[in-house]
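Some notes on the structure that comes next.
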Amino acid sequence: MKPIIEVENLTKKYNGGVTAVKEISFQVEQGEIFGFLGPNGAGKSTTIMMLNTLLSPTSGRARVAGFDVVEKPDQVRMSLGYISQDLAIDDILTGRENLYLQAGFYHLSRKKASERSKELLDLVALTERADDQVETYSGGMRKRLDIAAGLIHRPKVLFLDEPTLGLDIQTRHQIWDYINYLRKEMNMTFFLTTHYMDEADALCNRIAIIDKGIIKVIDSPASLKNQVRGEVVCIQFSETSEDKIADALPIISSLSIVENVKQRDSGCMAVVRDGDTAIPEIFRVIHSKGLKINSVTLKKPSLDEVYMAFTGKTLGNERESNGNTHRTVRT
Amino acid sequence: MEIRTAPFAHDAKENESTMKLTLPSDIYYVCWRDMKRFLSQKSRILMTLVQPLIWLVLMGNMMSGMTNNPYGARMLGVKNYIDFMTPGIMIMTALFSGTFCGFSLVWDRRFGFLNKMLAAPISRMAIPVGKMTATSLQITLQVIIIGIIALVMGVTFSSGVFGFLLIAIIAGIFSFAMAGVSLSIAVFFKTLEGLHPILNFLTMPLMFMSNAIFPKAAMPNWMKIISDWNPLTYAITPMRTLVVEGWVLEKIIPGLVITIGFAFVMVLISTWQFNRSIA
Ligand SMILES: Nc1ncnc2c1ncn2[C@@H]1O[C@H](COP(=O)(O)OP(=O)(O)OP(=O)(O)O)[C@@H](O)[C@H]1O
Ligand SMILES: [Mg+2]
């Protein structure tokens, strides 16, 4: 069977000169939950907006459900649902009216619109509040309504841009459950972006890590974690001078027991083969550089470390300067 | 992995076949939403009624002295200033509320609803035209209410009930076109604050350089020339004729035709501008 999303060398250069997405290629199979993981400004939303026809690519090709996004935008739009990063529901209308409106946009008959609205309101547990103005909903309820609206025309592919941003743990888990349910019951395909490691880990069949517009790696969460062997030593220095820390890094990485090392704010993270023997060695070289250690932790690799290894940052810990370095300004 | 045929695949096909005939329904849904929004904002409805009422009462009283003076009465062509003023207030409502339309586009862009509409398979043209239609329906309603208030205050509509309705329709068409002007400008703005002064800058001269409030006979020459190019003049002339003189067709038809033409041109321009802004 043909992949439901096919992307070839897709590039987006904004008018301001920012190249947000650089020649990315990947494929998503029907029934997959595919995650796009990356720091702020990595190009996640830009990619989604090219795939759902809201932005035209600067170069490259993309097909969704077999239709080219540039040549057959209406067919593409019919096959996909889009739940954007902003809460795009009309808060002056009621929940039911929002669904009715969405059904109208997708040319469903009135009968179907009211059938499906009922079904979906049940699914997202909003039946009781369906006839209240959305203004009176909580953030989580709005998000659930937004997701219900995205499902009204039963799309083959659902694009979710940071679906659980700002939601409490319980609501996040509920949304993961819906996604899993829909994938199982309807064989729907999901393309979602996220900042949350645990979300990508728990939900996705495959993950692409994107940074500065480039896909660093695509694989299943399990095999990504396998790529980072051994253990992770996290060290916090009491010293915060960037230069001194930068000096220490090459020395640490030159130790034979250390696989790789990355700076992380006023500290560093080293992937090592054996933590127990590595820690004393790392201590020794750090002391020789005159740096003082604040704390040390040893842990098993999680997706966090995978992410670190590929982007050189931790999620939520990126500094603004990192976000800006990839701007290629053209004149 | 077991691959079942998605029940959805069938749906998409079924919908495809109807894709070409969707423009009217798309316009309907865009318009429906804006109407819902309008009707559920009680304060907005109240203001759109109170404002013209104040104008009618205040201006009607203040300026009635003008018609006590025989020269003034001749210049205005009416016995009571309020007869002259009523279509003026109506057109002012159409102008101001019509120009308001652009804000809804900026707002939709800002909170992401525009993208949601654009990600749906609705005709692009349906977005500006649906908004313009909603605006014009709202204003037709308002103008009818202003007319009823005016009736209560003693204004006589020389052209009868049908004239009264035609007045409301002309105001509706004019506001449809003004909504198009407003949208054509609004496509380039990302914030309401940025758009506001521009629209103000547009409405004031349109209002004052027409015969809506001042009779043409009282204008200096240069203003007469501007007034002759002002689309508002062409909308108000048939409206005023219908109030004051009745079915004087040679005064009604040219203005009506030009106003309809204006509306038609604004459909083309606003659609073009809108498509340009989302490319
Ligand atoms: N309309 C625009 N014009 C110019 N540059 C833009 C525009 N939208 C996004 N960018 C730039 O493109 C880059 C990628 O942005 P994008 O929104 O795709 O990131 P993201 O991965 O979705 O980030 P986030 O996690 O913050 O949502 C950023 O550097 C951003 O500044
Ligand atoms: Mg984003």
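Labels for the structure tokens follow display order: chains A, B, ..., residues from 1 in each chain, ligands from 1.
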Show me which residues are within 9 Å of ligand 2 counting only C-alpha atoms and all ligand atoms, and format the list as a PDB file with all heavy atoms, in the first residue's frame.
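Result went into pocket04.pdb, see below:
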```pdb
ATOM      1  N   ASN A  40      11.431  24.941  19.912  1.00  0.00           N
ATOM      2  CA  ASN A  40      10.729  26.089  19.330  1.00  0.00           C
ATOM      3  C   ASN A  40      11.439  26.551  18.067  1.00  0.00           C
ATOM      4  O   ASN A  40      12.658  26.629  18.037  1.00  0.00           O
ATOM      5  CB  ASN A  40      10.721  27.276  20.300  1.00  0.00           C
ATOM      6  CG  ASN A  40       9.779  27.046  21.457  1.00  0.00           C
ATOM      7  OD1 ASN A  40      10.143  27.260  22.601  1.00  0.00           O
ATOM      8  ND2 ASN A  40       8.594  26.605  21.167  1.00  0.00           N
ATOM      9  N   GLY A  41      10.655  26.829  17.057  1.00  0.00           N
ATOM     10  CA  GLY A  41      11.229  27.367  15.836  1.00  0.00           C
ATOM     11  C   GLY A  41      11.910  26.333  14.961  1.00  0.00           C
ATOM     12  O   GLY A  41      12.594  26.676  14.003  1.00  0.00           O
ATOM     13  N   ALA A  42      11.723  25.052  15.270  1.00  0.00           N
ATOM     14  CA  ALA A  42      12.396  24.003  14.498  1.00  0.00           C
ATOM     15  C   ALA A  42      11.807  23.858  13.101  1.00  0.00           C
ATOM     16  O   ALA A  42      12.464  23.358  12.192  1.00  0.00           O
ATOM     17  CB  ALA A  42      12.298  22.671  15.237  1.00  0.00           C
ATOM     18  N   GLY A  43      10.566  24.298  12.934  1.00  0.00           N
ATOM     19  CA  GLY A  43       9.920  24.169  11.628  1.00  0.00           C
ATOM     20  C   GLY A  43       8.777  23.171  11.635  1.00  0.00           C
ATOM     21  O   GLY A  43       8.298  22.757  10.582  1.00  0.00           O
ATOM     22  N   LYS A  44       8.308  22.822  12.812  1.00  0.00           N
ATOM     23  CA  LYS A  44       7.230  21.825  12.919  1.00  0.00           C
ATOM     24  C   LYS A  44       5.926  22.368  12.339  1.00  0.00           C
ATOM     25  O   LYS A  44       5.319  21.745  11.467  1.00  0.00           O
ATOM     26  CB  LYS A  44       7.009  21.433  14.392  1.00  0.00           C
ATOM     27  CG  LYS A  44       8.242  20.885  15.084  1.00  0.00           C
ATOM     28  CD  LYS A  44       7.950  20.432  16.506  1.00  0.00           C
ATOM     29  CE  LYS A  44       7.510  21.551  17.443  1.00  0.00           C
ATOM     30  NZ  LYS A  44       8.564  22.551  17.736  1.00  0.00           N
ATOM     31  N   SER A  45       5.517  23.531  12.819  1.00  0.00           N
ATOM     32  CA  SER A  45       4.256  24.104  12.325  1.00  0.00           C
ATOM     33  C   SER A  45       4.361  24.410  10.838  1.00  0.00           C
ATOM     34  O   SER A  45       3.404  24.227  10.093  1.00  0.00           O
ATOM     35  CB  SER A  45       3.912  25.374  13.085  1.00  0.00           C
ATOM     36  OG  SER A  45       3.721  25.093  14.439  1.00  0.00           O
ATOM     37  N   THR A  46       5.513  24.882  10.425  1.00  0.00           N
ATOM     38  CA  THR A  46       5.694  25.199   9.008  1.00  0.00           C
ATOM     39  C   THR A  46       5.479  23.948   8.167  1.00  0.00           C
ATOM     40  O   THR A  46       4.816  23.996   7.123  1.00  0.00           O
ATOM     41  CB  THR A  46       7.100  25.777   8.774  1.00  0.00           C
ATOM     42  OG1 THR A  46       7.267  26.906   9.624  1.00  0.00           O
ATOM     43  CG2 THR A  46       7.294  26.191   7.340  1.00  0.00           C
ATOM     44  N   ILE A  48       3.707  21.249   8.921  1.00  0.00           N
ATOM     45  CA  ILE A  48       2.280  20.903   8.933  1.00  0.00           C
ATOM     46  C   ILE A  48       1.506  21.805   7.987  1.00  0.00           C
ATOM     47  O   ILE A  48       0.659  21.354   7.230  1.00  0.00           O
ATOM     48  CB  ILE A  48       1.697  21.026  10.365  1.00  0.00           C
ATOM     49  CG1 ILE A  48       2.142  19.834  11.205  1.00  0.00           C
ATOM     50  CG2 ILE A  48       0.179  21.115  10.324  1.00  0.00           C
ATOM     51  CD1 ILE A  48       1.267  19.547  12.396  1.00  0.00           C
ATOM     52  N   SER A  84      -5.041  23.059  14.946  1.00  0.00           N
ATOM     53  CA  SER A  84      -3.875  23.942  14.953  1.00  0.00           C
ATOM     54  C   SER A  84      -3.362  24.171  16.358  1.00  0.00           C
ATOM     55  O   SER A  84      -3.975  23.777  17.342  1.00  0.00           O
ATOM     56  CB  SER A  84      -4.241  25.271  14.310  1.00  0.00           C
ATOM     57  OG  SER A  84      -5.186  25.932  15.111  1.00  0.00           O
ATOM     58  N   GLN A  85      -2.223  24.842  16.387  1.00  0.00           N
ATOM     59  CA  GLN A  85      -1.567  25.144  17.652  1.00  0.00           C
ATOM     60  C   GLN A  85      -2.402  26.136  18.464  1.00  0.00           C
ATOM     61  O   GLN A  85      -2.461  26.060  19.676  1.00  0.00           O
ATOM     62  CB  GLN A  85      -0.185  25.725  17.330  1.00  0.00           C
ATOM     63  CG  GLN A  85       0.785  25.696  18.457  1.00  0.00           C
ATOM     64  CD  GLN A  85       2.199  26.037  17.978  1.00  0.00           C
ATOM     65  OE1 GLN A  85       2.509  26.016  16.792  1.00  0.00           O
ATOM     66  NE2 GLN A  85       3.065  26.361  18.906  1.00  0.00           N
ATOM     67  N   ASP A 161      -1.185  19.974  15.780  1.00  0.00           N
ATOM     68  CA  ASP A 161      -0.018  20.777  16.119  1.00  0.00           C
ATOM     69  C   ASP A 161      -0.025  21.023  17.621  1.00  0.00           C
ATOM     70  O   ASP A 161      -0.834  21.798  18.122  1.00  0.00           O
ATOM     71  CB  ASP A 161      -0.049  22.092  15.338  1.00  0.00           C
ATOM     72  CG  ASP A 161       1.336  22.715  15.229  1.00  0.00           C
ATOM     73  OD1 ASP A 161       2.254  22.247  15.942  1.00  0.00           O
ATOM     74  OD2 ASP A 161       1.503  23.655  14.435  1.00  0.00           O
ATOM     75  N   GLU A 162       0.851  20.353  18.315  1.00  0.00           N
ATOM     76  CA  GLU A 162       0.946  20.432  19.769  1.00  0.00           C
ATOM     77  C   GLU A 162      -0.419  20.277  20.440  1.00  0.00           C
ATOM     78  O   GLU A 162      -0.909  21.201  21.091  1.00  0.00           O
ATOM     79  CB  GLU A 162       1.608  21.749  20.170  1.00  0.00           C
ATOM     80  CG  GLU A 162       2.891  21.928  19.379  1.00  0.00           C
ATOM     81  CD  GLU A 162       3.899  22.810  20.059  1.00  0.00           C
ATOM     82  OE1 GLU A 162       3.725  23.117  21.244  1.00  0.00           O
ATOM     83  OE2 GLU A 162       4.878  23.172  19.397  1.00  0.00           O
ATOM     84  N   THR A 193       2.783  17.111  16.283  1.00  0.00           N
ATOM     85  CA  THR A 193       4.030  17.710  16.737  1.00  0.00           C
ATOM     86  C   THR A 193       3.934  17.848  18.239  1.00  0.00           C
ATOM     87  O   THR A 193       2.839  17.960  18.790  1.00  0.00           O
ATOM     88  CB  THR A 193       4.249  19.114  16.157  1.00  0.00           C
ATOM     89  OG1 THR A 193       3.351  20.017  16.804  1.00  0.00           O
ATOM     90  CG2 THR A 193       4.018  19.146  14.673  1.00  0.00           C
ATOM     91  N   THR A 194       5.047  17.812  18.871  1.00  0.00           N
ATOM     92  CA  THR A 194       5.018  17.945  20.320  1.00  0.00           C
ATOM     93  C   THR A 194       6.359  18.410  20.865  1.00  0.00           C
ATOM     94  O   THR A 194       7.388  18.305  20.222  1.00  0.00           O
ATOM     95  CB  THR A 194       4.620  16.611  20.993  1.00  0.00           C
ATOM     96  OG1 THR A 194       4.547  16.798  22.387  1.00  0.00           O
ATOM     97  CG2 THR A 194       5.610  15.514  20.670  1.00  0.00           C
TER      98      THR A 194
END
```
Residues within 6 Å of segment 87-101 of chain B, only C-alpha atoms, excluding chain neighbours under 2 positions, as number ranges by chain: B: 85, 103-104, 139, 143, 171, 175, 178-179, 182, 212-213, 240
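Proximity ranking of A:Arg273, A:Arg183, A:Lys292, A:His173 relative to Phe237 of chain A places A:Lys292 first, based on only C-alpha atoms.
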Interface residues on chain A facing chain B, 8 Å, only C-alpha atoms, written as a ChimeraX atom specification: /A:31,52-56,74-75,77-79,81-84,86-90,92-93,101,104-108,153-156,186-188
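Atom CA of Val157 of chain A is positioned 4.8 Å from atom CA of Leu80 of chain A.
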When you look at Met219 of chain B with a cut-off of 12 Å (counting only C-alpha atoms), what residues show up, excluding the ones that are within fewer than 5 positions of it in the same chain? I need them as a PDB file with C-alpha atoms, in the first residue's frame.
```pdb
ATOM      1  CA  MET B  75     -31.841  74.084  -0.050  1.00  0.00           C
ATOM      2  CA  LEU B  76     -32.687  70.811   1.626  1.00  0.00           C
ATOM      3  CA  PHE B 208     -18.809  64.348   4.941  1.00  0.00           C
ATOM      4  CA  MET B 209     -18.003  64.762   1.278  1.00  0.00           C
ATOM      5  CA  SER B 210     -21.375  63.518   0.204  1.00  0.00           C
ATOM      6  CA  ASN B 211     -24.876  64.857   0.403  1.00  0.00           C
ATOM      7  CA  ALA B 212     -25.676  62.552   3.322  1.00  0.00           C
ATOM      8  CA  ILE B 213     -25.697  65.266   5.964  1.00  0.00           C
ATOM      9  CA  PHE B 214     -25.271  68.481   4.007  1.00  0.00           C
ATOM     10  CA  LYS B 224     -19.303  69.077  -5.064  1.00  0.00           C
ATOM     11  CA  ILE B 225     -16.742  67.514  -7.371  1.00  0.00           C
ATOM     12  CA  ILE B 226     -15.626  65.036  -4.730  1.00  0.00           C
ATOM     13  CA  SER B 227     -19.195  64.322  -3.828  1.00  0.00           C
ATOM     14  CA  ASP B 228     -19.913  63.459  -7.468  1.00  0.00           C
TER      15      ASP B 228
END
```
